[in-house]
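Asks: Structure file final_29.cif (mmCIF, C-alpha atoms) right here:
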data_structure
#
loop_
_atom_site.label_atom_id
_atom_site.label_comp_id
_atom_site.auth_asym_id
_atom_site.auth_seq_id
_atom_site.Cartn_x
_atom_site.Cartn_y
_atom_site.Cartn_z
CA MET K 1 -156.19 -45.23 9.34
CA ARG K 2 -158.60 -42.38 9.95
CA ARG K 3 -157.36 -39.19 8.34
CA LYS K 4 -156.28 -36.18 10.35
CA PRO K 5 -158.89 -33.39 10.54
CA VAL K 6 -158.23 -30.26 8.49
CA VAL K 7 -158.94 -26.83 9.98
CA GLY K 8 -159.25 -23.65 7.96
CA VAL K 9 -157.63 -20.67 9.71
CA ILE K 10 -158.60 -17.25 8.38
CA GLY K 11 -155.98 -14.77 7.16
CA ASN K 12 -155.70 -11.05 7.85
CA ALA K 13 -154.78 -8.23 5.48
CA HIS K 14 -151.22 -7.06 6.16
CA ARG K 15 -148.55 -5.04 4.40
CA ILE K 16 -144.82 -5.77 4.41
CA GLU K 17 -142.66 -2.63 4.26
CA ASN K 18 -145.93 -0.74 3.78
CA ARG K 19 -145.91 -1.87 0.13
CA PHE K 20 -146.54 -5.58 -0.36
CA ALA K 21 -150.03 -6.87 0.37
CA VAL K 22 -150.03 -10.24 2.14
CA GLN K 23 -152.41 -12.43 4.09
CA ALA K 24 -151.04 -13.23 7.55
CA VAL K 25 -151.94 -15.66 10.32
CA GLY K 26 -150.34 -15.64 13.76
CA GLU K 27 -148.26 -18.79 14.14
CA ARG K 28 -149.64 -19.44 17.63
CA ASN K 29 -153.04 -20.14 16.04
CA LEU K 30 -151.53 -22.70 13.68
CA ARG K 31 -149.56 -24.42 16.44
CA ALA K 32 -152.61 -24.55 18.74
CA VAL K 33 -154.60 -26.30 16.01
CA ALA K 34 -151.77 -28.72 15.26
CA ASP K 35 -150.41 -29.38 18.76
CA VAL K 36 -153.60 -29.40 20.83
CA ALA K 37 -156.59 -29.92 18.53
CA GLY K 38 -154.62 -32.60 16.65
CA ALA K 39 -155.51 -31.21 13.24
CA LEU K 40 -153.80 -29.93 10.11
CA PRO K 41 -154.07 -26.11 9.95
CA LEU K 42 -154.85 -24.76 6.50
CA MET K 43 -154.56 -21.00 6.04
CA PHE K 44 -157.13 -19.36 3.78
CA ALA K 45 -157.42 -15.78 2.56
CA GLY K 46 -159.78 -13.27 4.11
CA CYS K 47 -160.51 -11.99 0.60
CA PRO K 48 -164.01 -12.60 -0.81
CA GLU K 49 -162.96 -12.41 -4.46
CA ILE K 50 -160.55 -15.35 -4.09
CA THR K 51 -162.11 -17.38 -1.28
CA ASP K 52 -165.08 -19.54 -2.26
CA ILE K 53 -166.66 -20.27 1.13
CA GLY K 54 -168.73 -23.20 -0.08
CA ALA K 55 -165.77 -24.86 -1.80
CA LEU K 56 -163.55 -24.28 1.24
CA LEU K 57 -166.09 -25.79 3.64
CA ASP K 58 -166.27 -28.87 1.40
CA LEU K 59 -162.56 -29.39 2.11
CA VAL K 60 -162.20 -28.68 5.83
CA ASP K 61 -163.56 -30.21 9.03
CA GLY K 62 -163.56 -27.00 11.07
CA ILE K 63 -162.83 -23.28 11.04
CA VAL K 64 -160.92 -20.96 13.37
CA LEU K 65 -161.69 -17.26 13.20
CA THR K 66 -158.60 -15.78 14.82
CA GLY K 67 -157.92 -12.56 16.64
CA ALA K 68 -156.57 -9.62 14.63
CA ARG K 69 -155.53 -6.01 15.05
CA ALA K 70 -158.32 -4.71 12.79
CA ASN K 71 -161.79 -3.96 14.15
CA VAL K 72 -164.98 -5.20 12.50
CA HIS K 73 -166.24 -2.29 10.40
CA PRO K 74 -168.99 -0.38 12.28
CA THR K 75 -171.30 -0.23 9.26
CA ARG K 76 -171.81 -3.98 9.79
CA PHE K 77 -173.89 -3.09 12.86
CA ASN K 78 -175.21 0.33 11.83
CA ILE K 79 -172.68 2.59 13.57
CA GLU K 80 -170.71 5.35 11.85
CA PRO K 81 -166.96 4.59 11.47
CA HIS K 82 -164.39 6.84 13.12
CA ALA K 83 -160.68 7.18 12.30
CA ARG K 84 -159.65 6.51 15.90
CA HIS K 85 -161.14 3.02 15.70
CA GLU K 86 -159.08 2.00 12.68
CA PRO K 87 -157.62 -0.15 11.25
CA TYR K 88 -160.42 -2.07 9.59
CA ASP K 89 -160.28 -5.15 7.37
CA ILE K 90 -163.50 -5.01 5.38
CA GLN K 91 -162.51 -7.91 3.13
CA ARG K 92 -162.08 -10.19 6.13
CA ASP K 93 -165.42 -8.93 7.48
CA GLU K 94 -167.15 -10.11 4.32
CA VAL K 95 -165.58 -13.56 4.43
CA ALA K 96 -165.76 -14.13 8.19
CA LEU K 97 -169.37 -13.10 8.74
CA ALA K 98 -170.59 -15.31 5.90
CA MET K 99 -168.26 -18.09 7.07
CA ALA K 100 -169.67 -18.04 10.61
CA GLU K 101 -173.23 -18.42 9.34
CA ALA K 102 -172.25 -21.12 6.85
CA CYS K 103 -170.38 -23.19 9.45
CA VAL K 104 -173.32 -23.18 11.83
CA GLY K 105 -175.72 -23.93 9.00
CA ARG K 106 -173.69 -26.91 7.83
CA GLY K 107 -172.77 -28.25 11.27
CA ILE K 108 -169.04 -27.55 10.83
CA PRO K 109 -167.11 -26.93 14.09
CA LEU K 110 -166.37 -23.22 14.54
CA PHE K 111 -164.04 -21.62 17.08
CA GLY K 112 -163.96 -17.81 17.29
CA ILE K 113 -161.10 -16.11 19.13
CA CYS K 114 -161.16 -12.39 20.07
CA ARG K 115 -162.11 -10.78 16.73
CA GLY K 116 -163.59 -14.16 15.86
CA LEU K 117 -166.04 -13.94 18.77
CA GLN K 118 -166.97 -10.44 17.64
CA GLU K 119 -167.52 -11.66 14.06
CA MET K 120 -169.75 -14.49 15.28
CA ASN K 121 -171.85 -12.00 17.23
CA VAL K 122 -172.23 -9.62 14.28
CA ALA K 123 -172.96 -12.50 11.88
CA PHE K 124 -176.03 -13.34 13.96
CA GLY K 125 -177.28 -9.76 14.18
CA GLY K 126 -175.44 -8.45 17.23
CA SER K 127 -173.53 -5.21 17.69
CA LEU K 128 -170.14 -4.17 19.06
CA HIS K 129 -168.77 -1.22 20.98
CA PRO K 130 -165.60 0.11 19.29
CA GLU K 131 -163.83 0.83 22.60
CA ILE K 132 -165.27 -1.20 25.47
CA ARG K 133 -163.19 0.62 28.11
CA GLU K 134 -165.17 3.82 27.40
CA LEU K 135 -168.36 2.31 28.81
CA PRO K 136 -169.10 3.19 32.48
CA GLY K 137 -167.55 0.76 34.94
CA ARG K 138 -165.45 -1.11 32.39
CA MET K 139 -161.76 -1.84 32.75
CA ASN K 140 -159.11 -1.32 30.08
CA HIS K 141 -159.07 -4.60 28.17
CA ARG K 142 -156.24 -3.57 25.84
CA MET K 143 -152.77 -5.12 25.96
CA PRO K 144 -150.24 -3.72 28.47
CA ARG K 145 -148.00 -0.88 27.34
CA LEU K 146 -144.89 0.81 28.68
CA GLU K 147 -145.03 4.31 30.18
CA ASN K 148 -143.93 5.77 26.83
CA GLY K 149 -146.94 4.17 25.11
CA GLU K 150 -145.06 1.40 23.32
CA ILE K 151 -146.39 -2.15 23.48
CA HIS K 152 -144.70 -4.13 26.24
CA PRO K 153 -141.80 -6.12 24.74
CA ASP K 154 -142.35 -9.27 26.85
CA PRO K 155 -145.03 -11.66 25.47
CA SER K 156 -145.41 -13.27 28.90
CA VAL K 157 -146.52 -9.87 30.23
CA ILE K 158 -148.74 -9.10 27.23
CA PHE K 159 -150.53 -12.47 27.44
CA ALA K 160 -150.58 -12.78 31.24
CA ASP K 161 -153.93 -13.50 32.89
CA ARG K 162 -155.54 -10.12 33.58
CA HIS K 163 -159.04 -10.71 34.92
CA GLU K 164 -161.60 -13.26 36.04
CA VAL K 165 -164.46 -14.68 33.97
CA THR K 166 -167.56 -16.19 35.55
CA LEU K 167 -169.04 -18.99 33.47
CA VAL K 168 -172.72 -19.93 33.29
CA SER K 169 -173.44 -22.85 35.60
CA GLY K 170 -174.09 -25.98 33.55
CA GLY K 171 -173.20 -24.20 30.30
CA ALA K 172 -171.00 -25.50 27.49
CA PHE K 173 -167.86 -23.79 28.80
CA ALA K 174 -168.42 -24.90 32.40
CA LYS K 175 -168.78 -28.48 31.20
CA ILE K 176 -165.64 -28.34 29.05
CA LEU K 177 -163.53 -26.61 31.70
CA GLY K 178 -164.96 -28.31 34.78
CA CYS K 179 -165.32 -25.05 36.72
CA GLU K 180 -167.28 -21.81 36.82
CA LYS K 181 -164.47 -19.30 37.44
CA ILE K 182 -161.41 -18.83 35.24
CA ARG K 183 -158.72 -16.21 34.68
CA VAL K 184 -157.83 -15.08 31.17
CA ASN K 185 -155.64 -12.66 29.22
CA SER K 186 -157.05 -9.48 27.67
CA LEU K 187 -155.96 -7.87 24.40
CA HIS K 188 -158.91 -6.11 22.80
CA GLY K 189 -160.56 -2.73 22.44
CA GLN K 190 -163.78 -3.70 20.69
CA GLY K 191 -166.33 -5.87 22.49
CA ILE K 192 -169.91 -7.13 22.34
CA LEU K 193 -172.55 -4.47 23.00
CA GLU K 194 -175.79 -6.26 22.06
CA PRO K 195 -175.72 -10.05 21.58
CA GLY K 196 -176.98 -11.48 18.31
CA LYS K 197 -180.26 -13.41 18.06
CA ARG K 198 -178.72 -16.87 18.45
CA VAL K 199 -175.80 -15.79 20.62
CA VAL K 200 -175.95 -17.33 24.09
CA LEU K 201 -173.81 -15.68 26.79
CA GLU K 202 -171.61 -18.25 28.50
CA GLY K 203 -169.04 -16.13 30.37
CA VAL K 204 -168.75 -12.57 31.69
CA ALA K 205 -165.77 -10.63 33.07
CA GLU K 206 -165.94 -8.96 36.47
CA ASP K 207 -166.71 -5.62 34.78
CA GLY K 208 -169.61 -7.05 32.75
CA THR K 209 -167.74 -7.55 29.46
CA ILE K 210 -168.97 -10.60 27.53
CA GLU K 211 -166.09 -13.06 27.30
CA ALA K 212 -167.56 -16.38 26.11
CA ILE K 213 -170.45 -17.24 23.79
CA ARG K 214 -172.05 -20.15 21.98
CA ILE K 215 -174.45 -20.23 19.08
CA ALA K 216 -177.83 -21.65 20.08
CA GLU K 217 -179.01 -24.86 18.41
CA ALA K 218 -175.74 -25.34 16.52
CA ARG K 219 -175.27 -28.96 15.44
CA ALA K 220 -171.54 -28.86 16.19
CA PHE K 221 -169.00 -26.97 18.29
CA ALA K 222 -169.76 -23.24 17.79
CA LEU K 223 -168.01 -21.34 20.58
CA GLY K 224 -166.30 -17.97 20.82
CA VAL K 225 -163.96 -16.46 23.40
CA GLN K 226 -162.94 -12.83 23.82
CA TRP K 227 -159.50 -13.70 25.17
CA HIS K 228 -156.58 -15.09 23.17
CA ALA K 229 -156.98 -18.81 23.73
CA GLU K 230 -154.29 -19.57 21.14
CA TYR K 231 -151.66 -18.30 23.57
CA ASP K 232 -149.83 -21.26 25.10
CA PRO K 233 -152.61 -23.91 25.10
CA GLN K 234 -149.77 -26.42 25.17
CA ARG K 235 -149.37 -25.48 28.87
CA ASN K 236 -152.31 -23.25 29.85
CA PRO K 237 -154.97 -25.69 31.16
CA ILE K 238 -157.98 -23.51 30.27
CA ASN K 239 -156.94 -22.90 26.68
CA ARG K 240 -155.76 -26.49 26.29
CA LYS K 241 -159.17 -27.87 27.26
CA LEU K 242 -160.89 -25.59 24.76
CA PHE K 243 -158.67 -26.63 21.86
CA GLN K 244 -158.99 -30.26 22.91
CA ALA K 245 -162.79 -29.96 22.88
CA PHE K 246 -162.57 -28.37 19.44
CA GLY K 247 -160.35 -31.27 18.37
CA GLU K 248 -162.90 -33.79 19.64
CA ALA K 249 -165.60 -32.08 17.56
CA LEU K 250 -163.32 -32.25 14.51
CA ALA K 251 -162.62 -35.94 15.06
CA ALA K 252 -166.35 -36.64 15.41
CA ARG K 253 -167.00 -34.92 12.09
CA VAL K 254 -164.26 -36.94 10.36
CA LYS K 255 -165.66 -40.15 11.82
CA ALA K 256 -169.19 -39.30 10.73
CA ALA K 257 -167.98 -38.46 7.21
CA ALA K 258 -166.19 -41.82 6.99
CA HIS K 259 -169.47 -43.66 7.66
CA MET K 260 -171.54 -41.75 5.12
#
In structure tokens, how does this file's structure come out?
Replies:
Amino acid sequence: MRRKPVVGVIGNAHRIENRFAVQAVGERNLRAVADVAGALPLMFAGCPEITDIGALLDLVDGIVLTGARANVHPTRFNIEPHARHEPYDIQRDEVALAMAEACVGRGIPLFGICRGLQEMNVAFGGSLHPEIRELPGRMNHRMPRLENGEIHPDPSVIFADRHEVTLVSGGAFAKILGCEKIRVNSLHGQGILEPGKRVVLEGVAEDGTIEAIRIAEARAFALGVQWHAEYDPQRNPINRKLFQAFGEALAARVKAAAHM
């Protein structure tokens, strides 16, 4: 029997009770990999001193760079940091940016989600805006809140489809999804300002925000989405097709490895 693909899923710095340092991964990411991509999710630490990228990529068949609360640190694209754009996770930055380049270089399937898309863009020389809604003509892409400022308690409201995305005709996403218009959720403040050198724009929101990218001349799946595709891909047809396509790329890599 052919073995099940293994997917590395990056961790995020987190503190329990504001004292105990942990690495955390949202369970929806793990379930999306297992349930829809048909792979075994393997969490790894976003800590450069304990994560050997080369050794990890020898063990896995793909990588998911997940969303996260922390922004990519502005010094990564030559902008001064500001307290109102915190929190940051500079250890994850170091791992994720190198990981994105290494995956593309080695032909390992890579799926970037929200922060993951942003990391892919920065890894290939692009820049980000720390608060995309501050740009002229842009909508508020952050998650819904109650009138008192608290995050809405209902996940179905938080992750509800919020806006349209127009996909490039004949592009990778249009081929996977079988259409050129989709609706997606929106839970981010930071967004792409200038695309990186190998970053190809595949989808744009109605306000001009870049929502889908691919890495040019990648030998394997190397796609990023600004929305949270890990939310309900078991039932959401758009997100399901993306994780299925990722799963197909993983299976192809396993098959190729078996014949080496």
Asks: In Å, how far is it from CA of Pro109 in chain K to CA of Ala220 in chain K?
Replies: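 Going from CA of Pro109 in chain K over to CA of Ala220 in chain K covers 5.3 Å.
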Asks: Which one of K:Ala13, K:Ile192, K:Ile113, K:Val6 sits closest to Val254 in chain K if you count all atoms listed in the file?
Replies: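 For Val254 in chain K, the nearest of the candidates is K:Val6.
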Asks: Can you tell me, as JSON, numbers by chain, which residues sit within 10 Å of (-151.8, -22.8, 20.9) in the file's frame, using only C-alpha atoms?
Replies: {"K": [27, 28, 29, 30, 31, 32, 33, 34, 35, 36, 37, 228, 229, 230, 231, 232, 233, 234, 235, 236, 239, 240, 243]}
Asks: Go ahead and save the picked residues with C-alpha atoms, as a compact mmCIF listing (two decimals), in the frame of the given file.
Replies:
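The resulting file, out09.txt, is reproduced below:
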# COMPACT_ATOMS: atom_id res chain seq x y z
CA GLU K 27 -148.26 -18.79 14.14
CA ARG K 28 -149.64 -19.44 17.63
CA ASN K 29 -153.04 -20.14 16.04
CA LEU K 30 -151.53 -22.70 13.68
CA ARG K 31 -149.56 -24.42 16.44
CA ALA K 32 -152.61 -24.55 18.74
CA VAL K 33 -154.60 -26.30 16.01
CA ALA K 34 -151.77 -28.72 15.26
CA ASP K 35 -150.41 -29.38 18.76
CA VAL K 36 -153.60 -29.40 20.83
CA ALA K 37 -156.59 -29.92 18.53
CA HIS K 228 -156.58 -15.09 23.17
CA ALA K 229 -156.98 -18.81 23.73
CA GLU K 230 -154.29 -19.57 21.14
CA TYR K 231 -151.66 -18.30 23.57
CA ASP K 232 -149.83 -21.26 25.10
CA PRO K 233 -152.61 -23.91 25.10
CA GLN K 234 -149.77 -26.42 25.17
CA ARG K 235 -149.37 -25.48 28.87
CA ASN K 236 -152.31 -23.25 29.85
CA ASN K 239 -156.94 -22.90 26.68
CA ARG K 240 -155.76 -26.49 26.29
CA PHE K 243 -158.67 -26.63 21.86
Asks: Report the distance between CA of Met120 in chain K and CA of Gly224 in chain K in Å, rounded to one decimal place.
Replies: 7.4 Å
Asks: So what do you get for CA of Arg84 in chain K versus CA of Glu49 in chain K, distance-wise?
Replies: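 Result for CA of Arg84 in chain K versus CA of Glu49 in chain K: 28.0 Å, one decimal.
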Asks: Spell out the residues picked by the PyMOL selection byres ((chain K and resi 53) around 8) here, as a list in words.
Replies: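 This file gives the following for the PyMOL selection byres ((chain K and resi 53) around 8): Thr51, Asp52, Gly54, Ala55, Leu56, Leu57, Val95, Ala98 and Met99 of chain K.
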Asks: Evaluate the PyMOL selection byres ((chain K and resi 198) around 6) and record the selected residues as a PyMOL selection string, following the chain and residue labels used in the document.
Replies: chain K and resi 196-197+199+215-216
Asks: Could you save the residues just selected, with C-alpha atoms, as a PDB file, in the coordinates of the input?
Replies:
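Once everything was written out, this is selection.pdb:
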ATOM      1  CA  GLY K 196    -176.980 -11.480  18.310  1.00  0.00           C
ATOM      2  CA  LYS K 197    -180.260 -13.410  18.060  1.00  0.00           C
ATOM      3  CA  VAL K 199    -175.800 -15.790  20.620  1.00  0.00           C
ATOM      4  CA  ILE K 215    -174.450 -20.230  19.080  1.00  0.00           C
ATOM      5  CA  ALA K 216    -177.830 -21.650  20.080  1.00  0.00           C
TER       6      ALA K 216
END
Asks: Given the file shown, determine the residues that the PyMOL selection byres ((chain K and resi 130) around 6) selects; report them as a list in words.
Replies: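 Checking the PyMOL selection byres ((chain K and resi 130) around 6) against this file, the residues are His129, Glu131 and Gln190 of chain K.
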Asks: Find the residues near Gln118 in chain K: any atom within 7 Å, counting only C-alpha atoms, skip ones fewer than 4 places away on the same chain, and give them as a PDB file with C-alpha atoms, in the coordinates of the input.
Replies:
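The file below, out.pdb, is the result:
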ATOM      1  CA  CYS K 114    -161.160 -12.390  20.070  1.00  0.00           C
ATOM      2  CA  VAL K 122    -172.230  -9.620  14.280  1.00  0.00           C
ATOM      3  CA  GLY K 191    -166.330  -5.870  22.490  1.00  0.00           C
ATOM      4  CA  ILE K 192    -169.910  -7.130  22.340  1.00  0.00           C
TER       5      ILE K 192
END
Asks: Would you list the contacts of Gly116 in chain K as a PyMOL selection string, taking every protein, DNA or RNA residue within 9 Å and counting only C-alpha atoms, but skipping same-chain residues closer than 2 positions in sequence?
Replies: chain K and resi 64-68+96+100+111-114+118-121+224-226
Asks: Fewer than 6 positions away in the same chain doesn't count, so skip those; otherwise give me all residues within 7 Å of Leu187 in chain K, counting all atoms listed in the file, as a PyMOL selection string.
Replies: chain K and resi 141-143+227
Asks: Considering all atoms listed in the file, state which residue in the set K:Thr209, K:Gln91, K:Asn71, K:Asn12 is at the smallest distance from Ile132 in chain K.
Replies: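 Once distances to Ile132 in chain K are computed over all atoms listed in the file, the minimum belongs to K:Thr209.
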Asks: Looking at only C-alpha atoms, which of K:Leu40, K:Val9, K:Met260, K:Ile16 is the one that sits closest to Gly247 in chain K?
Replies: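 Ranking K:Leu40, K:Val9, K:Met260, K:Ile16 by distance to Gly247 in chain K, first place goes to K:Leu40.
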Asks: Could you list as a VMD selection string every residue that has an atom within 7 Å of (-156.3, -15.5, 35.8), using the file's coordinates and counting only C-alpha atoms?
Replies: chain K and resid 161 to 164 182 to 184
Asks: In terms of the shortest atom-to-atom distance over all atoms listed in the file, which of K:Arg3, K:Ala174, K:Val25, K:Pro195 is closest to Phe124 in chain K?
Replies: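 Looking at the shortest contact to Phe124 in chain K, the residue is K:Pro195.
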Asks: Fewer than 2 positions away in the same chain doesn't count, so skip those; otherwise give me all residues within 12 Å of His73 in chain K, counting only C-alpha atoms, as a PyMOL selection string.
Replies: chain K and resi 70-71+75-83+85-94+97+115+118-119+122+127-130+190
Asks: At a cut-off of 10 Å, using only C-alpha atoms, what residues contact Glu248 in chain K? Leave out same-chain residues fewer than 2 positions from it and give the result as a list in words.
Replies: Pro5, Ala37, Gly38, Pro109, Phe221, Leu242, Phe243, Gln244, Ala245, Phe246, Leu250, Ala251, Ala252, Arg253 and Val254 of chain K
